[in-house]
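Below: the structure, in structure tokens.
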Amino acid sequence: GAGVSQSPSNKVTEKGKDVELRCDPISGHTALYWYRQSLGQGLEFLIYFQGNSAPDKSGLPSDRFSAERTGGSVSTLTIQRTQQEDSAVYLCASSLESRLAVFGAGSRLTVL
Amino acid sequence: AQSVTQPDIHITVSEGASLELRCNYSYGATPYLFWYVQSPGQGLQLLLKYFSGDTLVQGIKGFEAEFKRSQSSFNLRKPSVHWSDAAEYFCAVGALSGNTPLVFGKGTRLSVIA
């Protein structure tokens with residue numbers, strides 16, 4: 001597509017439920033990143049995929065968080081047993097090189 | 001470790017006034033530096049970037065930034081602010097090569113008053 005597409009744009013869930021957030025990167029972009037944006041905290045790196053290499057998961061805050069990227073394209077970020085502190089905007093970006101990352105509009109997650 | 005500091009959480013300027021948003025970085029090698037803008041409910045839009053060469057870089061929407069290696073700074077400026085510039089601004093640093101993720105500052109929220 002022309003840009004990075006994320007869905008859903010808004011998600012409200014109850015504490016303890018699992019959620020899945022989807023990212024459709026720009027076609028042909030080999031790198032894909034997930035960031036979390038919490039109020040007043042800037043952007044926190046979560047996970048990074050590059051081609052067929054093993055993902056860099058160093059930013060995932062707990063084992064409740066996981067992500068996969070199927071076929072080198074679409075990525076899904078899964079949060080299990082959501083907690084209120086998981087409420088944030090989850091941003092996805094894709095790039096050919098990190099210098100030219102293009103961001104999606106984000107998925108706003110609210111955990112009640 | 002890489003880090004980016006944006007010392008100003010919130011800045012208010014009058015429309016037509018000049019603007020400078022501060023950014024300081026800590027990086028072990030030659031950095032790539034970026035400024036992004038985020039309007040409410042929107043994703044991040046790249047304003048400008050510095051890779052090498054001229055230390056004064058021009059971006060979109062009339063913004064510019066100057067890389068000062070001696071001060072580890074990359075401050076964003078605009079000579080005359082418009083009401084539509086009200087947004088959140090993020091400074092980021094990246095590696096010279098490869099696809100390592102960008103490291104972002106916590107952002108500066110800009111308010112513009114008449």
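Naming works like this for the structure tokens: A, B, ... for the chains as they're shown, residue 1 at the start of each chain, ligands 1 onward in shown order.
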Check: which chain A residues lie within 9 Å of chain B using only C-alpha atoms, as a list in words:
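Residues passing the distance filter: Ala31, Tyr33, Gly40, Gln41, Gly42, Leu43, Glu44, Phe45, Ile47, Tyr48, Gln50, Leu91, Ser95, Leu96, Glu97, Ser98, Arg99, Leu100, Ala101, Val102, Phe103, Gly104, Ala105 and Gly106 of chain A.
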Using the selection just defined, write its residues with N, CA, C and O atoms as a compact mmCIF listing (two decimals), in the first residue's frame.
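This is the output file result-v4.txt:
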# COMPACT_ATOMS: atom_id res chain seq x y z
N ALA A 31 12.14 -4.00 6.75
CA ALA A 31 12.22 -3.81 8.20
C ALA A 31 10.87 -3.34 8.74
O ALA A 31 10.17 -2.55 8.10
N TYR A 33 8.98 -2.25 12.63
CA TYR A 33 9.21 -1.92 14.04
C TYR A 33 7.87 -1.70 14.75
O TYR A 33 6.94 -1.17 14.16
N GLY A 40 3.21 11.03 28.00
CA GLY A 40 4.37 11.65 28.62
C GLY A 40 5.64 10.82 28.59
O GLY A 40 6.64 11.19 29.20
N GLN A 41 5.62 9.70 27.88
CA GLN A 41 6.78 8.81 27.89
C GLN A 41 7.48 8.70 26.54
O GLN A 41 8.41 7.92 26.40
N GLY A 42 7.07 9.42 25.57
CA GLY A 42 7.72 9.29 24.28
C GLY A 42 7.45 7.94 23.65
O GLY A 42 6.48 7.27 23.99
N LEU A 43 8.30 7.55 22.75
CA LEU A 43 8.13 6.28 22.04
C LEU A 43 9.11 5.25 22.60
O LEU A 43 10.31 5.46 22.61
N GLU A 44 8.56 4.14 23.02
CA GLU A 44 9.34 3.06 23.61
C GLU A 44 9.44 1.93 22.59
O GLU A 44 8.42 1.38 22.15
N PHE A 45 10.65 1.57 22.23
CA PHE A 45 10.86 0.49 21.26
C PHE A 45 10.42 -0.85 21.86
O PHE A 45 10.72 -1.15 23.02
N ILE A 47 9.84 -4.12 19.47
CA ILE A 47 10.37 -5.24 18.72
C ILE A 47 10.66 -4.81 17.29
O ILE A 47 10.03 -3.87 16.78
N TYR A 48 11.60 -5.50 16.66
CA TYR A 48 12.05 -5.13 15.33
C TYR A 48 12.26 -6.39 14.49
O TYR A 48 12.89 -7.34 14.95
N GLN A 50 13.65 -7.77 10.71
CA GLN A 50 14.44 -7.43 9.53
C GLN A 50 14.54 -8.67 8.65
O GLN A 50 15.24 -9.62 8.99
N LEU A 91 2.47 1.99 17.92
CA LEU A 91 2.83 2.48 16.60
C LEU A 91 3.68 1.45 15.87
O LEU A 91 4.58 0.85 16.45
N SER A 95 10.42 0.18 6.93
CA SER A 95 11.46 0.89 6.19
C SER A 95 12.29 -0.08 5.37
O SER A 95 12.32 -1.28 5.63
N LEU A 96 12.99 0.52 4.40
CA LEU A 96 14.07 -0.22 3.73
C LEU A 96 15.34 -0.05 4.56
O LEU A 96 16.17 -0.92 4.63
N GLU A 97 15.47 1.14 5.15
CA GLU A 97 16.57 1.43 6.05
C GLU A 97 15.99 2.23 7.20
O GLU A 97 15.04 2.97 7.02
N SER A 98 16.56 2.11 8.40
CA SER A 98 15.97 2.79 9.56
C SER A 98 15.98 4.29 9.40
O SER A 98 15.22 4.99 10.02
N ARG A 99 16.82 4.79 8.49
CA ARG A 99 16.87 6.22 8.30
C ARG A 99 15.59 6.76 7.67
O ARG A 99 15.32 7.94 7.71
N LEU A 100 14.83 5.88 7.06
CA LEU A 100 13.66 6.34 6.31
C LEU A 100 12.40 5.63 6.77
O LEU A 100 11.55 5.27 5.97
N ALA A 101 12.29 5.42 8.06
CA ALA A 101 11.12 4.72 8.60
C ALA A 101 9.86 5.54 8.39
O ALA A 101 9.85 6.75 8.60
N VAL A 102 8.79 4.85 7.99
CA VAL A 102 7.49 5.47 7.80
C VAL A 102 6.55 4.89 8.85
O VAL A 102 6.44 3.66 8.98
N PHE A 103 5.87 5.76 9.56
CA PHE A 103 5.01 5.31 10.66
C PHE A 103 3.55 5.23 10.25
O PHE A 103 3.07 6.04 9.45
N GLY A 104 2.85 4.29 10.85
CA GLY A 104 1.41 4.24 10.74
C GLY A 104 0.78 5.20 11.73
O GLY A 104 1.47 5.83 12.53
N ALA A 105 -0.55 5.29 11.68
CA ALA A 105 -1.28 6.22 12.56
C ALA A 105 -1.44 5.67 13.97
O ALA A 105 -1.82 6.40 14.88
N GLY A 106 -1.16 4.39 14.16
CA GLY A 106 -1.20 3.83 15.50
C GLY A 106 -2.51 3.15 15.85
O GLY A 106 -3.55 3.38 15.22
Residue contacts of stretch 71-75 of chain A (7 Å, only C-alpha atoms) excluding same-chain residues fewer than 6 positions away, as a VMD selection string: chain A and resid 22 to 25 51
Could you dump the residues just selected with N, CA and C atoms as a PDB file, in the first residue's frame?
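Dumped everything to selection.pdb:
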ATOM      1  N   ARG A  22      -2.697  -5.192  14.464  1.00  0.00           N
ATOM      2  CA  ARG A  22      -2.178  -5.579  13.158  1.00  0.00           C
ATOM      3  C   ARG A  22      -1.472  -4.417  12.476  1.00  0.00           C
ATOM      4  N   CYS A  23      -0.435  -4.751  11.743  1.00  0.00           N
ATOM      5  CA  CYS A  23       0.307  -3.748  10.985  1.00  0.00           C
ATOM      6  C   CYS A  23       0.556  -4.264   9.570  1.00  0.00           C
ATOM      7  N   ASP A  24       0.136  -3.465   8.592  1.00  0.00           N
ATOM      8  CA  ASP A  24       0.419  -3.741   7.190  1.00  0.00           C
ATOM      9  C   ASP A  24       1.488  -2.755   6.725  1.00  0.00           C
ATOM     10  N   PRO A  25       2.709  -3.215   6.518  1.00  0.00           N
ATOM     11  CA  PRO A  25       3.779  -2.268   6.155  1.00  0.00           C
ATOM     12  C   PRO A  25       3.690  -1.870   4.687  1.00  0.00           C
ATOM     13  N   GLY A  51      13.847  -8.656   7.540  1.00  0.00           N
ATOM     14  CA  GLY A  51      13.900  -9.763   6.592  1.00  0.00           C
ATOM     15  C   GLY A  51      13.601 -11.090   7.263  1.00  0.00           C
TER      16      GLY A  51
END
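For B:Ser72, the list of residues within 10 Å, based on only C-alpha atoms and with local chain neighbours fewer than 3 positions off taken out, reads Val4, Cys23, Asn24, Tyr25, Ser26, Tyr27, Pro31, Phe67, Lys68, Arg69 and Asn75 of chain B.
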task: Just give me the gap between atom CA of B:Ser84 and atom CA of B:Ser111 in Å, one decimal is fine.
output: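 Atom-to-atom, atom CA of B:Ser84 to atom CA of B:Ser111, that is 9.6 Å.
Atom CA of B:His10 is positioned 25.2 Å from atom CA of A:Cys92.
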| request: Return the single residue from B:Ile113, B:Tyr36, B:Ser52, B:Leu19 that is closest to B:Arg77, with distances computed using only C-alpha atoms. | output: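 For B:Arg77, the nearest of the candidates is B:Leu19.
Near A:Ala67, within 10 Å and counting only C-alpha atoms, sit Glu20, Leu21, Arg22, Trp34, Leu46, Ile47, Tyr48, Phe49, Pro55, Lys57, Leu60, Thr70, Ser75, Thr76, Leu77, Thr78 and Ile79 of chain A; same-chain residues fewer than 3 positions away were not included.
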If we count only C-alpha atoms and set the cut-off at 12 Å, which residues sit around B:Gly62, ignoring sequence neighbours fewer than 3 positions away in its own chain? Please answer as a ChimeraX atom specification. /B:18-19,47-48,57-59,65,76-82,85
I'd like the contact shell of B:Leu110 - 6 Å cut-off, only C-alpha atoms, skipping same-chain residues fewer than 6 positions apart - returned as a list in words. His10, Ile11, Thr12, Ala86 and Ala87 of chain B
